[in-house]
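Data from final08.cif: mmCIF, C-alpha atoms
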data_data
#
loop_
_atom_site.label_atom_id
_atom_site.label_comp_id
_atom_site.auth_asym_id
_atom_site.auth_seq_id
_atom_site.Cartn_x
_atom_site.Cartn_y
_atom_site.Cartn_z
CA MET A 1 -3.63 -28.51 27.57
CA ASN A 2 -5.20 -29.44 24.22
CA GLU A 3 -5.56 -25.75 23.32
CA PHE A 4 -1.88 -25.20 24.11
CA LEU A 5 -0.80 -28.12 21.93
CA ILE A 6 -3.01 -26.97 19.06
CA GLY A 7 -1.67 -23.41 19.37
CA LEU A 8 1.91 -24.71 19.42
CA GLY A 9 1.21 -26.85 16.37
CA LEU A 10 -0.19 -23.90 14.42
CA PHE A 11 2.80 -21.78 15.42
CA ILE A 12 5.20 -24.44 14.17
CA LEU A 13 3.25 -24.74 10.91
CA ALA A 14 3.51 -20.96 10.44
CA LEU A 15 7.28 -21.10 11.00
CA LEU A 16 7.53 -23.90 8.43
CA GLY A 17 5.95 -21.63 5.81
CA THR A 18 2.32 -22.74 5.86
CA PRO A 19 0.23 -20.11 4.02
CA LEU A 20 -1.18 -17.52 6.41
CA PHE A 21 -4.79 -18.00 5.29
CA ILE A 22 -4.63 -21.67 6.39
CA ILE A 23 -3.43 -20.67 9.86
CA ILE A 24 -6.11 -17.96 10.15
CA ALA A 25 -8.87 -20.29 8.93
CA ALA A 26 -7.75 -23.04 11.32
CA ILE A 27 -7.84 -20.64 14.27
CA ALA A 28 -11.33 -19.45 13.28
CA LEU A 29 -12.73 -22.98 12.87
CA LEU A 30 -11.20 -24.17 16.14
CA ALA A 31 -12.48 -21.09 17.97
CA PHE A 32 -16.05 -21.59 16.74
CA HIS A 33 -15.86 -25.31 17.53
CA SER A 34 -14.69 -24.66 21.08
CA ALA A 35 -17.56 -22.19 21.54
CA GLY A 36 -20.10 -24.74 20.28
CA ILE A 37 -21.00 -22.65 17.21
CA ASP A 38 -21.55 -24.20 13.80
CA SER A 39 -18.55 -23.74 11.52
CA SER A 40 -20.79 -22.27 8.79
CA ALA A 41 -20.62 -19.03 10.76
CA THR A 42 -17.15 -18.49 9.34
CA ILE A 43 -18.55 -17.88 5.86
CA ILE A 44 -21.63 -15.73 6.61
CA GLU A 45 -19.77 -12.42 6.61
CA LEU A 46 -17.98 -13.29 3.37
CA TYR A 47 -21.35 -13.98 1.71
CA ARG A 48 -22.61 -10.57 2.84
CA MET A 49 -19.49 -8.85 1.55
CA ALA A 50 -19.57 -10.74 -1.76
CA LYS A 51 -22.86 -9.04 -2.56
CA GLN A 52 -21.26 -5.57 -2.41
CA PRO A 53 -20.70 -4.20 -5.93
CA VAL A 54 -17.50 -2.43 -4.89
CA LEU A 55 -15.79 -5.82 -4.49
CA LEU A 56 -15.56 -5.92 -8.29
CA ALA A 57 -13.12 -2.99 -8.15
CA ILE A 58 -10.39 -5.27 -6.77
CA PRO A 59 -9.91 -7.57 -9.81
CA LEU A 60 -10.43 -4.69 -12.25
CA PHE A 61 -7.84 -2.37 -10.69
CA THR A 62 -5.47 -5.31 -10.18
CA PHE A 63 -5.70 -6.25 -13.86
CA ALA A 64 -5.02 -2.63 -14.88
CA GLY A 65 -2.04 -2.44 -12.50
CA TYR A 66 -0.47 -5.60 -13.88
CA LEU A 67 -0.92 -4.39 -17.45
CA LEU A 68 1.00 -1.25 -16.52
CA ALA A 69 3.67 -3.27 -14.68
CA GLU A 70 4.29 -5.62 -17.62
CA SER A 71 4.38 -2.83 -20.22
CA LYS A 72 6.95 -0.10 -20.75
CA THR A 73 5.00 2.26 -18.49
CA PRO A 74 7.72 2.25 -15.78
CA GLN A 75 10.30 3.48 -18.32
CA ARG A 76 7.97 6.15 -19.71
CA LEU A 77 7.06 7.26 -16.19
CA VAL A 78 10.70 7.61 -15.20
CA ASN A 79 11.54 9.49 -18.41
CA LEU A 80 8.73 11.98 -17.84
CA SER A 81 9.68 12.51 -14.18
CA ARG A 82 13.35 13.03 -15.12
CA ALA A 83 12.38 15.60 -17.73
CA LEU A 84 10.35 17.52 -15.15
CA PHE A 85 12.53 17.17 -12.04
CA GLY A 86 15.92 15.88 -13.19
CA TRP A 87 17.52 19.32 -13.24
CA LEU A 88 17.03 19.77 -9.47
CA PRO A 89 19.78 18.84 -6.98
CA GLY A 90 18.61 15.40 -5.87
CA GLY A 91 16.33 15.40 -8.90
CA LEU A 92 16.81 11.73 -9.73
CA ALA A 93 15.94 10.76 -6.15
CA ILE A 94 12.78 12.89 -6.41
CA VAL A 95 12.01 11.18 -9.72
CA ALA A 96 12.30 7.81 -7.96
CA LEU A 97 9.95 8.89 -5.18
CA PHE A 98 7.24 10.20 -7.51
CA SER A 99 7.54 7.27 -9.91
CA CYS A 100 7.35 4.67 -7.14
CA ALA A 101 4.36 6.38 -5.51
CA ILE A 102 2.34 6.52 -8.74
CA PHE A 103 3.29 2.98 -9.70
CA THR A 104 2.37 1.52 -6.29
CA ALA A 105 -0.99 3.33 -6.39
CA PHE A 106 -1.94 1.36 -9.50
CA THR A 107 -0.37 -2.01 -8.70
CA GLY A 108 -1.39 -1.95 -5.02
CA ALA A 109 1.76 -3.88 -4.11
CA SER A 110 4.91 -2.14 -2.91
CA GLY A 111 6.99 -5.28 -3.55
CA VAL A 112 6.05 -5.17 -7.24
CA THR A 113 7.26 -1.56 -7.35
CA ILE A 114 10.65 -2.47 -5.89
CA ILE A 115 11.02 -5.29 -8.43
CA ALA A 116 9.84 -3.26 -11.45
CA LEU A 117 11.20 0.23 -10.78
CA GLY A 118 14.04 -0.66 -8.43
CA GLY A 119 15.88 -2.58 -11.12
CA LEU A 120 15.40 0.33 -13.50
CA LEU A 121 16.38 3.19 -11.17
CA TYR A 122 19.15 1.62 -9.08
CA PRO A 123 21.83 1.49 -11.83
CA ILE A 124 20.85 4.99 -13.01
CA MET A 125 21.31 6.41 -9.50
CA LEU A 126 24.72 4.77 -9.16
CA LYS A 127 25.72 6.10 -12.59
CA GLU A 128 24.83 9.62 -11.46
CA HIS A 129 27.09 9.25 -8.38
CA TYR A 130 24.44 8.70 -5.69
CA PRO A 131 25.99 6.69 -2.82
CA GLU A 132 25.02 3.03 -2.87
CA ASN A 133 23.52 3.05 0.63
CA PHE A 134 21.44 6.14 -0.14
CA SER A 135 20.11 4.54 -3.34
CA LEU A 136 19.30 1.26 -1.62
CA GLY A 137 17.56 2.98 1.30
CA LEU A 138 15.51 5.26 -0.92
CA LEU A 139 14.30 2.53 -3.30
CA THR A 140 13.53 0.14 -0.43
CA SER A 141 11.56 2.74 1.53
CA SER A 142 9.66 4.36 -1.34
CA GLY A 143 7.82 1.22 -2.40
CA ASN A 144 5.00 1.94 0.05
CA LEU A 145 4.46 5.63 -0.79
CA GLY A 146 1.55 5.03 -3.16
CA LEU A 147 -0.52 2.89 -0.79
CA LEU A 148 -2.60 5.95 0.18
CA PHE A 149 -3.06 7.26 -3.36
CA PRO A 150 -6.19 6.22 -5.30
CA PRO A 151 -6.89 3.66 -6.68
CA SER A 152 -4.82 1.74 -4.10
CA LEU A 153 -6.13 -1.77 -3.43
CA PRO A 154 -5.48 -1.56 0.34
CA ILE A 155 -7.76 1.49 0.51
CA ILE A 156 -10.54 -0.39 -1.29
CA LEU A 157 -10.11 -3.41 0.96
CA TYR A 158 -10.07 -1.30 4.12
CA GLY A 159 -13.26 0.43 2.98
CA LEU A 160 -14.94 -2.94 2.43
CA VAL A 161 -13.95 -4.28 5.84
CA SER A 162 -14.65 -1.08 7.80
CA GLN A 163 -17.75 -0.04 5.80
CA VAL A 164 -16.24 3.44 5.43
CA SER A 165 -16.86 5.23 2.11
CA ILE A 166 -14.07 4.34 -0.34
CA ASP A 167 -14.58 7.68 -2.10
CA ARG A 168 -13.84 9.50 1.16
CA LEU A 169 -10.81 7.31 1.87
CA PHE A 170 -9.44 8.07 -1.61
CA LEU A 171 -9.66 11.79 -0.87
CA ALA A 172 -8.27 11.45 2.65
CA GLY A 173 -5.11 9.68 1.48
CA ILE A 174 -3.97 12.33 -1.02
CA ILE A 175 -2.45 14.95 1.30
CA PRO A 176 -0.75 12.42 3.65
CA SER A 177 0.86 10.73 0.63
CA ILE A 178 2.05 14.05 -0.76
CA LEU A 179 3.42 14.95 2.69
CA MET A 180 5.54 11.78 2.79
CA ILE A 181 6.87 12.41 -0.73
CA VAL A 182 7.65 16.08 -0.03
CA LEU A 183 9.54 15.31 3.21
CA LEU A 184 11.60 12.58 1.54
CA SER A 185 12.21 14.88 -1.45
CA LEU A 186 13.52 17.65 0.83
CA TYR A 187 15.88 15.18 2.48
CA SER A 188 17.07 14.02 -0.96
CA TYR A 189 17.60 17.62 -2.09
CA PHE A 190 19.75 18.60 0.90
CA PHE A 191 21.60 15.27 0.87
CA HIS A 192 22.54 15.84 -2.76
CA LYS A 193 23.62 19.44 -2.13
CA LYS A 194 25.84 18.38 0.77
CA ASN A 195 27.29 15.06 -0.35
CA ILE A 196 27.36 14.91 -4.14
CA ARG A 197 29.74 17.23 -5.92
CA ILE A 198 28.54 16.47 -9.45
CA GLN A 199 25.35 18.42 -9.92
CA ALA A 200 22.33 17.19 -11.82
CA LYS A 201 22.19 17.69 -15.55
CA ARG A 202 19.97 20.67 -16.30
CA VAL A 203 17.19 20.40 -18.85
CA THR A 204 17.68 23.46 -21.06
CA SER A 205 15.34 22.49 -23.87
CA ALA A 206 11.59 22.33 -23.69
CA GLY A 207 11.91 19.71 -26.40
CA ASP A 208 13.06 17.12 -23.85
CA ILE A 209 9.98 17.72 -21.73
CA TRP A 210 7.71 17.60 -24.78
CA GLN A 211 9.26 14.35 -26.01
CA ALA A 212 8.83 12.65 -22.62
CA THR A 213 5.28 13.99 -22.35
CA LYS A 214 4.44 12.78 -25.84
CA GLU A 215 5.71 9.28 -25.01
CA ALA A 216 3.53 9.05 -21.89
CA ILE A 217 0.61 11.06 -23.29
CA TRP A 218 -1.86 8.18 -23.00
CA GLU A 219 -0.90 7.31 -19.40
CA ILE A 220 -0.87 10.85 -18.00
CA PRO A 221 -4.70 11.13 -17.95
CA LEU A 222 -5.18 8.04 -15.73
CA PRO A 223 -5.32 9.86 -12.34
CA ILE A 224 -7.57 12.52 -13.89
CA ILE A 225 -9.94 9.88 -15.26
CA ILE A 226 -10.21 8.14 -11.87
CA LEU A 227 -10.45 11.17 -9.57
CA GLY A 228 -12.31 13.41 -12.00
CA GLY A 229 -14.79 10.65 -12.82
CA ILE A 230 -15.53 9.74 -9.20
CA TYR A 231 -15.66 13.23 -7.68
CA GLY A 232 -17.22 14.79 -10.75
CA GLY A 233 -20.15 12.46 -10.23
CA PHE A 234 -19.70 10.64 -13.55
CA PHE A 235 -19.22 7.17 -12.09
CA THR A 236 -18.74 5.22 -8.85
CA ALA A 237 -15.49 3.67 -7.63
CA THR A 238 -16.49 0.32 -9.14
CA GLU A 239 -17.33 1.93 -12.48
CA ALA A 240 -14.03 3.83 -12.29
CA ALA A 241 -12.25 0.47 -11.97
CA ALA A 242 -14.00 -0.83 -15.08
CA VAL A 243 -13.19 2.34 -17.05
CA THR A 244 -9.56 2.20 -15.90
CA ALA A 245 -9.13 -1.48 -16.81
CA PHE A 246 -10.66 -0.95 -20.25
CA TYR A 247 -8.64 2.23 -20.91
CA VAL A 248 -5.33 0.65 -19.85
CA PHE A 249 -6.10 -2.46 -21.91
CA ILE A 250 -6.70 -0.37 -25.04
CA ILE A 251 -3.61 1.83 -24.70
CA GLU A 252 -1.17 -0.93 -23.74
CA VAL A 253 -2.40 -3.56 -26.21
CA PHE A 254 -3.53 -1.54 -29.22
CA ILE A 255 -1.86 1.89 -28.98
CA TYR A 256 1.56 1.29 -27.40
CA ARG A 257 1.47 -2.41 -28.31
CA ASP A 258 3.63 -3.27 -25.29
CA ILE A 259 1.38 -6.23 -24.49
CA SER A 260 0.72 -8.80 -27.20
CA ILE A 261 -2.67 -10.52 -27.13
CA GLY A 262 -1.34 -13.98 -27.88
CA LYS A 263 1.81 -14.08 -25.76
CA ASP A 264 1.73 -11.46 -22.98
CA LEU A 265 -1.95 -10.94 -22.21
CA PRO A 266 -2.65 -14.48 -20.89
CA HIS A 267 0.38 -14.14 -18.58
CA VAL A 268 -0.87 -10.77 -17.27
CA ILE A 269 -4.37 -12.13 -16.68
CA ARG A 270 -3.03 -15.20 -14.89
CA GLN A 271 -0.66 -13.27 -12.62
CA SER A 272 -3.18 -10.56 -11.73
CA MET A 273 -5.92 -13.07 -10.93
CA ILE A 274 -3.54 -15.13 -8.78
CA LEU A 275 -3.14 -12.01 -6.60
CA VAL A 276 -6.91 -11.44 -6.58
CA GLY A 277 -7.53 -15.06 -5.68
CA GLY A 278 -5.02 -14.80 -2.84
CA ILE A 279 -6.78 -11.68 -1.53
CA LEU A 280 -10.20 -13.37 -1.64
CA VAL A 281 -8.95 -16.53 0.08
CA ILE A 282 -7.33 -14.46 2.85
CA LEU A 283 -10.52 -12.38 3.03
CA SER A 284 -12.69 -15.44 3.61
CA ALA A 285 -10.40 -16.85 6.30
CA ALA A 286 -9.88 -13.51 8.03
CA LEU A 287 -13.56 -12.60 8.10
CA GLY A 288 -14.34 -15.91 9.74
CA LEU A 289 -11.84 -15.14 12.49
CA ALA A 290 -13.10 -11.56 12.78
CA ASN A 291 -16.66 -12.88 13.23
CA TYR A 292 -15.55 -15.00 16.16
CA LEU A 293 -13.60 -12.17 17.78
CA ILE A 294 -16.62 -9.88 17.55
CA ASP A 295 -19.04 -12.57 18.81
CA ALA A 296 -16.68 -13.22 21.72
CA GLU A 297 -16.66 -9.46 22.46
CA ILE A 298 -12.87 -9.35 22.22
CA PRO A 299 -12.83 -5.65 21.17
CA SER A 300 -14.91 -4.76 24.23
CA GLN A 301 -12.58 -6.69 26.52
CA ILE A 302 -9.54 -5.00 24.97
CA LEU A 303 -11.23 -1.61 25.42
CA ILE A 304 -11.95 -2.29 29.09
CA PHE A 305 -8.32 -3.32 29.58
CA LEU A 306 -7.00 -0.22 27.80
CA GLN A 307 -9.23 2.13 29.74
CA GLY A 308 -7.53 0.94 32.90
CA TYR A 309 -4.21 2.30 31.60
CA ILE A 310 -5.06 4.78 28.84
CA THR A 311 -7.55 7.57 29.39
CA THR A 312 -6.84 9.96 26.52
CA LYS A 313 -7.15 9.87 22.75
CA ILE A 314 -3.47 10.83 22.38
CA GLY A 315 -2.38 7.92 24.56
CA PHE A 316 -4.49 5.52 22.53
CA LEU A 317 -3.01 6.77 19.25
CA VAL A 318 0.54 6.29 20.58
CA ILE A 319 -0.19 2.65 21.46
CA LEU A 320 -2.04 2.18 18.18
CA ASN A 321 0.92 3.38 16.10
CA ILE A 322 3.38 1.12 17.89
CA PHE A 323 1.06 -1.87 17.55
CA LEU A 324 0.35 -1.29 13.84
CA LEU A 325 4.03 -0.81 12.99
CA VAL A 326 4.73 -4.23 14.50
CA VAL A 327 1.77 -5.76 12.65
CA GLY A 328 2.88 -4.14 9.39
CA ALA A 329 6.37 -5.56 9.77
CA MET A 330 5.11 -9.08 10.44
CA MET A 331 2.06 -9.46 8.17
CA ASP A 332 1.23 -8.55 4.60
CA ILE A 333 -1.06 -5.54 4.35
CA PHE A 334 -4.10 -7.44 3.07
CA SER A 335 -4.06 -9.95 5.94
CA ALA A 336 -3.45 -7.19 8.49
CA ILE A 337 -6.40 -5.15 7.25
CA MET A 338 -8.80 -8.08 7.39
CA VAL A 339 -7.66 -9.51 10.72
CA VAL A 340 -6.81 -6.41 12.74
CA ALA A 341 -9.16 -3.70 11.43
CA PRO A 342 -12.40 -5.24 12.80
CA ILE A 343 -10.82 -5.32 16.26
CA ILE A 344 -9.37 -1.80 16.18
CA ILE A 345 -12.31 0.08 14.62
CA PRO A 346 -14.80 -0.18 17.56
CA ILE A 347 -12.05 0.59 20.09
CA ALA A 348 -10.93 3.68 18.15
CA ALA A 349 -14.55 4.87 17.95
CA LYS A 350 -14.76 4.83 21.77
CA PHE A 351 -11.73 7.12 21.92
CA GLY A 352 -13.31 9.52 19.42
CA VAL A 353 -11.07 8.79 16.39
CA ASP A 354 -12.75 9.71 13.11
CA PRO A 355 -13.23 6.48 11.06
CA VAL A 356 -11.78 8.02 7.87
CA HIS A 357 -8.77 9.39 9.76
CA LEU A 358 -8.34 5.98 11.40
CA GLY A 359 -8.19 4.36 7.96
CA ILE A 360 -5.34 6.63 6.87
CA ILE A 361 -3.45 6.06 10.15
CA PHE A 362 -3.99 2.33 9.75
CA LEU A 363 -2.70 2.13 6.17
CA ALA A 364 0.19 4.57 6.73
CA ASN A 365 1.43 2.45 9.64
CA LEU A 366 1.17 -0.80 7.72
CA GLY A 367 2.98 0.71 4.73
CA ILE A 368 5.85 1.95 6.88
CA GLY A 369 5.92 -1.39 8.67
CA TYR A 370 6.89 -2.99 5.34
CA SER A 371 10.29 -1.28 5.65
CA THR A 372 10.70 -1.62 9.42
CA PRO A 373 13.51 -3.90 10.68
CA PRO A 374 13.97 -6.69 11.48
CA VAL A 375 11.26 -8.48 9.47
CA GLY A 376 9.70 -5.82 7.19
CA MET A 377 8.74 -7.56 3.94
CA ASN A 378 10.19 -4.90 1.62
CA LEU A 379 13.61 -5.29 3.19
CA PHE A 380 13.76 -8.91 2.07
CA ILE A 381 12.28 -8.18 -1.37
CA ALA A 382 14.90 -5.45 -1.85
CA SER A 383 17.62 -7.77 -0.60
CA PHE A 384 16.63 -10.27 -3.29
CA ARG A 385 16.23 -7.63 -6.03
CA PHE A 386 19.47 -5.74 -5.41
CA LYS A 387 21.46 -8.80 -4.30
CA GLN A 388 22.51 -7.13 -1.05
CA PRO A 389 22.66 -8.48 2.54
CA VAL A 390 19.49 -7.64 4.42
CA LEU A 391 21.55 -6.19 7.30
CA ARG A 392 22.93 -3.59 4.90
CA LEU A 393 19.39 -2.65 3.90
CA TYR A 394 18.49 -2.22 7.58
CA LEU A 395 21.15 0.47 7.91
CA ALA A 396 20.47 2.03 4.51
CA SER A 397 16.76 2.42 5.26
CA VAL A 398 17.14 4.07 8.68
CA PRO A 399 17.27 7.76 7.56
CA PHE A 400 14.24 7.29 5.31
CA LEU A 401 12.39 5.35 7.99
CA ILE A 402 12.94 8.19 10.48
CA ILE A 403 11.43 10.68 8.01
CA LEU A 404 8.46 8.39 7.35
CA LEU A 405 7.89 8.00 11.10
CA PHE A 406 7.96 11.79 11.48
CA SER A 407 5.36 12.08 8.71
CA LEU A 408 3.31 9.42 10.51
CA ILE A 409 3.32 11.55 13.67
CA LEU A 410 2.01 14.52 11.67
CA ILE A 411 -0.66 12.38 9.99
CA THR A 412 -1.75 10.88 13.30
CA TYR A 413 -1.93 14.00 15.45
CA PHE A 414 -3.10 16.50 12.84
CA PRO A 415 -6.33 14.92 11.56
CA ASP A 416 -7.03 17.79 9.15
CA LEU A 417 -4.22 16.51 6.93
CA SER A 418 -6.51 13.57 6.18
CA LEU A 419 -9.91 15.19 6.61
CA TRP A 420 -9.54 18.63 4.97
CA LEU A 421 -10.23 17.44 1.42
CA VAL A 422 -13.03 15.17 2.69
CA HIS A 423 -14.76 18.11 4.38
CA LEU A 424 -14.09 20.35 1.38
CA TRP A 425 -15.70 17.82 -0.97
CA LYS A 426 -18.89 17.82 1.10
#
Whole structure, C-alpha cells version:
Amino acid sequence: MNEFLIGLGLFILALLGTPLFIIIAAIALLAFHSAGIDSSATIIELYRMAKQPVLLAIPLFTFAGYLLAESKTPQRLVNLSRALFGWLPGGLAIVALFSCAIFTAFTGASGVTIIALGGLLYPIMLKEHYPENFSLGLLTSSGNLGLLFPPSLPIILYGLVSQVSIDRLFLAGIIPSILMIVLLSLYSYFFHKKNIRIQAKRVTSAGDIWQATKEAIWEIPLPIIILGGIYGGFFTATEAAAVTAFYVFIIEVFIYRDISIGKDLPHVIRQSMILVGGILVILSAALGLANYLIDAEIPSQILIFLQGYITTKIGFLVILNIFLLVVGAMMDIFSAIMVVAPIIIPIAAKFGVDPVHLGIIFLANLGIGYSTPPVGMNLFIASFRFKQPVLRLYLASVPFLIILLFSLILITYFPDLSLWLVHLWK
C-alpha cells in the first residue's frame, strides 16, 4: 500500500512539472532503500563514468554548438545550401533539410534547430510559395535529422552509457542520416514538381556559389576537421572536441566577430553549461536507477518474459521500435538514453543484435519520437516557434513522419546501412 501511495505521489509530481531527474533519483533511492542497500550505491556508477576522458567531449562540443547557434552561422549555412541546391525543384526544402541536419549535429538539440533555423527558413519558404502545412511539417520533422551525424551529443552519451566505441558510432550514423535526408529530399522534389507552379530560381552564375562559399569558408572545414582528425588517427574524440571548440571560438569571436567577448560570450558560456549541467544531473540520477535495475536483474526478467512470446530477432526488433518510439515521444533523448539503454542492451545482445547497430536503431527511434503525436517534444516547440495550434502540426508532420518511419524500417532490418562504414574502417 505504501509503495502504491509513493508511486502515485511521484506520478502526480511529474504531472505538476517536477524536473524529471528528481523523479528518477527519488525512484532510485526508494528502490535501494526497499532492497536494504545503502543509498551510496546510486553514485558509484557515476564516479566510474566521471573518470572516463571522453566525458569531457560533452561540454566542449556543447560550447562549440552554442557558439555556432548564437552567431550568424545559420544564415551563412542557409545561403551556401541555397547557392548549391536552390535551383532544383523543391530546392529550398532540400536546403532546409541539409541545414537542419548539419546544425543539429553540432548543437545536439533538435529543439534549438527548430528555434534557430525554423524562424529563418519558414518565412522564406512561404515567400517562395511553399504551402504552409508543408513548410510547418518539414521544419518540425527535420530538427532531429542530425542526431546521428558526428559530433552529435546523443551519440557520445550513448557510447558512454553502453561502453560502445564512440568512433564506431560516429561512422555508423553517417549512412542512416544521409538515407533519411535523401528520402525526405525526394519527397520534397516530387511535391514541388506536382503542387507548386512557380519553379525555383535557377543559379546561372558561379559567382553566387563562390560568394556563399567565401562567406562560410571558415565553417565548411568543421566536419572535415572532426572526421578527418579522428579517423586519420590524428586525435581522439575527446581531443576532436577540444580542437572543435577552440577552432569555433577563434572563427566566431576573432574572424567573423559575430560573438563579442564582453557581451555575447558570457551568455553563450552560461547557456551551454546550463545544458551540460542538466545532462550531468540527469546522468547521475539515471545511472543510480540503472544500477538498481541491473542489481535486481530486471533485464533478465524482461528477457525471460519476452522469450515466452518472441522467439526471433525480427520479432524483437519490431517490439523494440514500437517501444522506443513511445519512449522518444514522452522523454527527452538524454533521459531516455540513460534510463532505457542499460535495460535494452543486454536483452538485444541475447537476440544477436550488433551493439553498434543497436545504438543507431536506438537513437533513430528517439529522434523520430520527438515528432511523433500526441506528445512529441518538437511538436510543442514548433507550435511555440511558429505560433500555430499543435493539432495543425500533428497533421502537417504526418507525411514526413511516414517517410522517417520507412527509413527507420530500412535502418533496422538492413544492418549494413549502419555497419558497412564501420567494417570498412577496420
Each range 323-413 of chain A residue no farther than 12 Å from range 265-278 of chain A, nearest pair in Å, all atoms listed in the file, as JSON lines:
{"residue": "A:Asp332", "atom": "CA", "partner": "A:Gly278", "partner_atom": "CA", "distance": 11.6}
{"residue": "A:Phe334", "atom": "CA", "partner": "A:Gly278", "partner_atom": "CA", "distance": 9.5}
{"residue": "A:Ser335", "atom": "CA", "partner": "A:Gly278", "partner_atom": "CA", "distance": 10.1}
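Between CA of Ile250 in chain A and CA of Pro151 in chain A the separation is 18.8 Å.
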message: When the PyMOL selection byres ((chain A and resi 153-165) around 7) is applied to the structure above, which residues does it catch, written out as a ChimeraX atom specification?
response: /A:58,108,147-148,151-152,166-169,334,337-338,342,356
message: Can you translate the PyMOL selection byres ((chain A and resi 283) around 9) into the concrete residues it hits in this file, as number ranges by chain?
response: A: 21, 46, 278-282, 284-288, 334-335, 338-339
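We find CA of Ala341 in chain A and CA of Ala290 in chain A to be spaced 8.9 Å apart.
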message: Report, in Å with one decimal, the straight-line distance from CA of Ile94 in chain A to CA of Ala216 in chain A.
response: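 So the answer is 18.4 Å.
Listed by chain and then by number, the residues chosen by the PyMOL selection byres ((chain A and resi 112-114) around 9) in this file are Ala69, Cys100, Ala101, Phe103, Thr104, Thr107, Gly108, Ala109, Ser110, Gly111, Ile115, Ala116, Leu117, Gly118, Gly119, Leu139, Thr140, Ser142, Gly143, Asn144, Asn378, Ile381, Ala382 and Arg385 of chain A.
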Store the residues picked out above, limited to C-alpha atoms, as an mmCIF file, in the frame of the given file.
data_model
loop_
_atom_site.group_PDB
_atom_site.id
_atom_site.type_symbol
_atom_site.label_atom_id
_atom_site.label_comp_id
_atom_site.auth_asym_id
_atom_site.auth_seq_id
_atom_site.Cartn_x
_atom_site.Cartn_y
_atom_site.Cartn_z
ATOM 1 C CA ALA A 69 3.670 -3.270 -14.680
ATOM 2 C CA CYS A 100 7.350 4.670 -7.140
ATOM 3 C CA ALA A 101 4.360 6.380 -5.510
ATOM 4 C CA PHE A 103 3.290 2.980 -9.700
ATOM 5 C CA THR A 104 2.370 1.520 -6.290
ATOM 6 C CA THR A 107 -0.370 -2.010 -8.700
ATOM 7 C CA GLY A 108 -1.390 -1.950 -5.020
ATOM 8 C CA ALA A 109 1.760 -3.880 -4.110
ATOM 9 C CA SER A 110 4.910 -2.140 -2.910
ATOM 10 C CA GLY A 111 6.990 -5.280 -3.550
ATOM 11 C CA ILE A 115 11.020 -5.290 -8.430
ATOM 12 C CA ALA A 116 9.840 -3.260 -11.450
ATOM 13 C CA LEU A 117 11.200 0.230 -10.780
ATOM 14 C CA GLY A 118 14.040 -0.660 -8.430
ATOM 15 C CA GLY A 119 15.880 -2.580 -11.120
ATOM 16 C CA LEU A 139 14.300 2.530 -3.300
ATOM 17 C CA THR A 140 13.530 0.140 -0.430
ATOM 18 C CA SER A 142 9.660 4.360 -1.340
ATOM 19 C CA GLY A 143 7.820 1.220 -2.400
ATOM 20 C CA ASN A 144 5.000 1.940 0.050
ATOM 21 C CA ASN A 378 10.190 -4.900 1.620
ATOM 22 C CA ILE A 381 12.280 -8.180 -1.370
ATOM 23 C CA ALA A 382 14.900 -5.450 -1.850
ATOM 24 C CA ARG A 385 16.230 -7.630 -6.030
#
statement: One residue among A:Ala206, A:Ile23, A:Leu97, A:Leu8 is nearest to Leu183 in chain A when using all atoms listed in the file, and that residue is A:Leu97
